[in-house]
Amino acid sequence: MTAVAQREAASGGLWSRMSLGQKQVIWAWGFLAVPLVFYVVIRFWPTFQAFYLSVTDWTITKPAAFVGLENYKRLAADPLFWQVFRNTFLYLILGTPISLLISFVVAYYLDRVRFMHSLIRALYFLPFLTTAAAMAWVWRWFYQPVPIGVINDILASFGIPQQPFLRSTSQALPAVLAPAVWAGLGFQIIIFLAGLRAIPVTYYEAARIDGLSEGAILRKITLPLLKPTLVFLVVFSSIGFLRIFDQVYNINTNDPGGPLNSTKPLVLMIYQTAFSSYEMGYAAAQTVVLFLILLVISLVQLRLMRDR
Amino acid sequence: MATIELERLVKRFGPATVVHGIDLSIQDGEFVVLVGPSGCGKSTTLRMIAGLEEISDGTIRIDGRVVNELQPRDRNIAMVFQNYAIYPHVTVAENIAFGLYRSKLSKSEKRRRVEQVAETLGLTHLLERRPSALSGGQRQRVAIGRAMVRDPAAFLFDEPLSNLDAQLRTQMRIEIKRLHHRLGTTSVFVTHDQVEAMTMADRIVVMREGRILQVGTPLELYEKPVDVFTARFIGSPTMNLLPASLKDGGAALAVGGSVRAPLASATSSEILVGARPHDLVPSSAGSEGLTVSGTVAVVETLGSETLVHIESAGQTIIGSAPGRQIPRIGEHLTLHAPAEKLYYFDKATEKALTAR
Ligand SMILES: Nc1ncnc2c1ncn2[C@@H]1O[C@H](COP(=O)(O)OP(=O)(O)O)[C@@H](O)[C@H]1O
Ligand SMILES: [Mg+2]
């Protein structure tokens, strides 16, 4: 026997000596390795790159030089940043509860409807499949003044004065938020429906026999059992609203960010800093801030809503 | 405690009628078991009593009061489900306390009741646990606890033991029986398992395709089944049924053997002769009764006895031999059952003939 053959026999022996469980683990990792490497390269590498860029003054035309925390100091002193920060949080604290409330109510009642159940569900899901640009066009038309805008037409027919909507600094943000909420409803409704379906019918029947009212059943049984679904949707929808961009960008294409930046979210600011002003270092610093906000909010939510 | 009366009770789901006008009167404190094959309408009947299904026609009275239109909570009944229906997000104590949801008792009084019930069911040390930390049998006990704590007029059980393993099922059967003995609450118990029905019931209601076939004590059903279905359904192993033709005074078996027995007036000449495996024992006797012989195909050794399957003219007949006396496969064997242990049915109508 040659040395090579012996070595092969030894390694073959190693493989055959391993238990089935160990072999399964090796196979699993073998398959996981490829996407993992890909993911690291595609996601983590740019993230680290962004961290690095955020401490430089790279502007495309000029090579990157280390500037320390200069970009962050500039950000903290930038009134636009604080305006955008406030807008982003408004999207979050209005958008998440409103969209979850609406989608839960729809799902709760849709769950009891057999008649045209699939059709109604599909109708709600449709906006989720539509591109933001097309939707923004429709909503922009809704918000037009009389005689073009549908909403103002309706208001006028009730004798209510016309509203400026997208043209107003106070109404623009809710006006942009509405289509964003609407667009996400379909997805949230489907998830809520799945969660509701997973609750065994006998839970409700036992509760009816014990004499719980509809409201008590909702509070004491349905909602607590929906908690995993709720946690998922809160985190998912929060991330969505914190990263809101295309709804805002598309509804005011000629003036993205609304009057006096009243609708501008953080992502839009990043986009403009990077691709209008080409201040890549500064944009990277903003990205890092957004990343930290997302991280903190998600962790806090997961923590708060975790099981006791 | 209460009586329950069903009068021409009908349930339709759309065009399909699944309960065809059944009548049943349940005494105060009685333990009644509804038994029948899957899909025969047992659960539907029980759920109509509970108020979980609307009644299509007929009347339900609980303690003399018509409850047709009453909500489940106003019927003062408690129900135990097959999948327990205990809530995973609250503790055992809170689960049991759900049974007292509508009661006006003070908080401490409720707590005392919950503890008392837990004590009865041996759940005291588990009160603060979540259901996920309990075994199947313990979960079922929590479900029973929730039903008991309210002190309802009647307990309704829908196959509560079906999700338990065989050993636990036997144990819970005894526990429920003992509980009923102690509390004396009217109980309606649904099962598809005839052994459960036989061992637990004061009275058994045999159902088939939405109709009641027979009502009686376990012994009555065993000894006087009104038709072939009940005869085969009750008793394990299943009763042997041998086709025979009546001929002046006697009957000729289609299989190898003979039957010599006093037969009362039969309306038809084609009959089925029934013999329970326990009554059909190896014997060479040519006395009165049923004698069949055939080749031994299978033996099932149970210890206390041995079940012998013999084949004769293409039909398998099950008999029983004493535990120590195990026939060999392929052996020719003659089995005999005494005349007074035989059952007779009309082959066409499958109804019992009044021979005994
Ligand atoms: N909600 C329902 N809709 C339509 N048919 C039903 C419904 N519930 C039960 N059935 C039918 O009624 C019959 C009796 O069902 P059930 O009472 O559950 O039988 P089981 O004796 O097994 O408990 C079955 O054929 C079943 O398919
Ligand atoms: Mg059933």
# chains A, B, ... in the order shown; residues from 1 in each chain; ligands from 1
$ residues_around --residues "segment 180-187 of chain B" --least-positions-apart "6" --cutoff "9 Å" --atoms "only C-alpha atoms" --output "PyMOL selection string"
chain B and resi 1-4+26-33+151-157
$ interface_residues --of "chain B" --to "chain A" --cutoff "8 Å" --atoms "only C-alpha atoms" --output "mmCIF file with N, CA and C atoms, in the first residue's frame"
data_model
loop_
_atom_site.group_PDB
_atom_site.id
_atom_site.type_symbol
_atom_site.label_atom_id
_atom_site.label_comp_id
_atom_site.auth_asym_id
_atom_site.auth_seq_id
_atom_site.Cartn_x
_atom_site.Cartn_y
_atom_site.Cartn_z
ATOM 1 N N ALA B 50 -74.851 21.723 23.356
ATOM 2 C CA ALA B 50 -74.024 22.786 23.936
ATOM 3 C C ALA B 50 -74.438 24.162 23.437
ATOM 4 N N LEU B 52 -73.443 25.165 20.378
ATOM 5 C CA LEU B 52 -72.417 25.595 19.428
ATOM 6 C C LEU B 52 -72.906 25.450 17.992
ATOM 7 N N PRO B 72 -74.736 29.435 24.286
ATOM 8 C CA PRO B 72 -74.068 28.398 25.087
ATOM 9 C C PRO B 72 -73.908 28.810 26.557
ATOM 10 N N ARG B 73 -73.534 30.077 26.788
ATOM 11 C CA ARG B 73 -73.246 30.487 28.167
ATOM 12 C C ARG B 73 -74.486 30.487 29.045
ATOM 13 N N ASP B 74 -75.677 30.549 28.425
ATOM 14 C CA ASP B 74 -76.895 30.579 29.216
ATOM 15 C C ASP B 74 -77.476 29.194 29.453
ATOM 16 N N ILE B 77 -73.906 24.596 30.853
ATOM 17 C CA ILE B 77 -73.261 23.317 30.609
ATOM 18 C C ILE B 77 -71.748 23.570 30.507
ATOM 19 N N ALA B 78 -70.978 22.511 30.603
ATOM 20 C CA ALA B 78 -69.536 22.645 30.425
ATOM 21 C C ALA B 78 -69.108 21.589 29.427
ATOM 22 N N MET B 79 -68.093 21.920 28.642
ATOM 23 C CA MET B 79 -67.714 20.986 27.582
ATOM 24 C C MET B 79 -66.216 20.738 27.601
ATOM 25 N N PHE B 81 -63.176 19.262 25.186
ATOM 26 C CA PHE B 81 -62.939 18.984 23.768
ATOM 27 C C PHE B 81 -61.813 17.974 23.577
ATOM 28 N N ASN B 83 -59.209 18.246 21.622
ATOM 29 C CA ASN B 83 -57.872 18.849 21.642
ATOM 30 C C ASN B 83 -57.675 19.712 22.890
ATOM 31 N N ALA B 85 -58.504 22.327 24.204
ATOM 32 C CA ALA B 85 -58.894 23.737 24.133
ATOM 33 C C ALA B 85 -58.486 24.512 25.384
ATOM 34 N N ILE B 86 -57.312 24.210 25.919
ATOM 35 C CA ILE B 86 -56.818 25.059 27.004
ATOM 36 C C ILE B 86 -55.817 26.035 26.401
ATOM 37 N N TYR B 87 -55.777 27.235 26.977
ATOM 38 C CA TYR B 87 -55.049 28.326 26.338
ATOM 39 C C TYR B 87 -53.561 28.296 26.676
ATOM 40 N N HIS B 89 -51.338 30.564 26.482
ATOM 41 C CA HIS B 89 -50.693 31.790 26.963
ATOM 42 C C HIS B 89 -51.003 32.113 28.411
ATOM 43 N N PHE B 98 -61.036 30.312 33.896
ATOM 44 C CA PHE B 98 -61.902 30.712 32.780
ATOM 45 C C PHE B 98 -63.293 30.125 32.941
ATOM 46 N N GLY B 99 -63.365 28.957 33.565
ATOM 47 C CA GLY B 99 -64.665 28.330 33.810
ATOM 48 C C GLY B 99 -65.555 29.165 34.709
ATOM 49 N N LEU B 100 -64.945 30.062 35.493
ATOM 50 C CA LEU B 100 -65.708 30.900 36.427
ATOM 51 C C LEU B 100 -65.875 32.315 35.885
ATOM 52 N N TYR B 101 -65.605 32.482 34.583
ATOM 53 C CA TYR B 101 -65.561 33.835 34.027
ATOM 54 C C TYR B 101 -66.818 34.629 34.325
ATOM 55 N N ARG B 102 -67.968 33.968 34.238
ATOM 56 C CA ARG B 102 -69.217 34.709 34.417
ATOM 57 C C ARG B 102 -69.705 34.686 35.859
#
$ residues_near_ligand --ligand "ligand 1" --cutoff "12 Å" --atoms "only C-alpha atoms and all ligand atoms" --output "ChimeraX atom specification"
/A:201 /B:10-20,34-48,52-54,81-82,157-160,162,189-193,205-212
$ closest_residue --among "B:Leu161, B:Arg178, B:Ser236, B:Gly323" --to "ligand 2" --atoms "only C-alpha atoms and all ligand atoms"
B:Leu161
$ select_by_dssp --residues "segment 140-264 of chain B" --states "strand (DSSP E)" --output "VMD selection string"
chain B and resid 154 to 158 186 to 191 203 to 208 211 to 216 240 to 247 250 to 253 257 to 260
$ select_by_dssp --residues "segment 125-316 of chain B" --states "helix (DSSP H, G or I)" --output "JSON, numbers by chain"
{"B": [125, 126, 131, 132, 133, 136, 137, 138, 139, 140, 141, 142, 143, 144, 145, 146, 147, 148, 166, 167, 168, 169, 170, 171, 172, 173, 174, 175, 176, 177, 178, 179, 180, 181, 182, 183, 194, 195, 196, 197, 198, 199, 200, 218, 219, 220, 221, 222, 223, 228, 229, 230, 231, 232, 233, 277, 278, 279]}
$ atom_distance --atom1 "atom CA of Tyr91 of chain A" --atom2 "atom CA of Lys264 of chain A"
10.2 Å
$ residues_around --residues "Val308 of chain B" --least-positions-apart "2" --cutoff "6 Å" --atoms "only C-alpha atoms" --output "tab-separated table (two decimals) with N, CA, C and O atoms, in the first residue's frame"
chain	number	residue	atom	x	y	z
B	299	VAL	N	-53.58	-17.64	15.08
B	299	VAL	CA	-53.86	-17.70	16.52
B	299	VAL	C	-53.31	-16.43	17.17
B	299	VAL	O	-52.22	-15.99	16.84
B	318	ILE	N	-63.98	-16.46	14.25
B	318	ILE	CA	-63.09	-16.31	15.40
B	318	ILE	C	-63.68	-17.02	16.61
B	318	ILE	O	-64.84	-16.81	16.96
B	319	GLY	N	-62.87	-17.86	17.20
B	319	GLY	CA	-63.29	-18.50	18.43
B	319	GLY	C	-62.23	-18.27	19.49
B	319	GLY	O	-61.25	-17.56	19.25
B	320	SER	N	-62.44	-18.81	20.69
B	320	SER	CA	-61.41	-18.63	21.70
B	320	SER	C	-61.11	-19.95	22.39
B	320	SER	O	-62.00	-20.74	22.67
$ residues_around --residues "Asn240 of chain B" --least-positions-apart "5" --cutoff "10 Å" --atoms "only C-alpha atoms" --output "count of residues only"
15
$ residues_around --residues "Ala118 of chain B" --least-positions-apart "4" --cutoff "8 Å" --atoms "only C-alpha atoms" --output "VMD selection string"
chain B and resid 114 122 to 124 127 145
$ write_last_selection --atoms "N, CA, C and O atoms" --output "compact mmCIF listing (two decimals), in the first residue's frame"
# COMPACT_ATOMS: atom_id res chain seq x y z
N VAL B 114 -60.78 27.24 42.42
CA VAL B 114 -59.78 26.72 41.48
C VAL B 114 -58.85 25.75 42.21
O VAL B 114 -58.55 24.65 41.72
N GLY B 122 -55.54 16.47 41.18
CA GLY B 122 -54.10 16.28 41.37
C GLY B 122 -53.27 17.24 40.54
O GLY B 122 -52.23 16.89 39.99
N LEU B 123 -53.75 18.48 40.44
CA LEU B 123 -53.04 19.47 39.63
C LEU B 123 -52.40 20.57 40.49
O LEU B 123 -51.84 21.53 39.96
N THR B 124 -52.51 20.44 41.80
CA THR B 124 -52.10 21.52 42.69
C THR B 124 -50.68 22.02 42.41
O THR B 124 -50.45 23.22 42.31
N LEU B 127 -50.32 24.38 39.20
CA LEU B 127 -51.20 25.53 39.00
C LEU B 127 -50.55 26.72 38.32
O LEU B 127 -51.17 27.42 37.54
N GLY B 145 -60.91 20.26 34.63
CA GLY B 145 -60.96 21.19 35.76
C GLY B 145 -61.74 22.44 35.41
O GLY B 145 -62.57 22.91 36.19
$ residues_around --residues "Phe291 of chain A" --least-positions-apart "2" --cutoff "12 Å" --atoms "only C-alpha atoms" --output "ChimeraX atom specification"
/A:47-48,50-51,239,242-243,266-267,270,284-289,293-298
$ atom_distance --atom1 "atom CA of Asn71 of chain A" --atom2 "atom CA of Gln247 of chain A"
27.8 Å
$ atom_distance --atom1 "atom CA of Val90 of chain B" --atom2 "atom CA of Arg130 of chain B"
6.1 Å
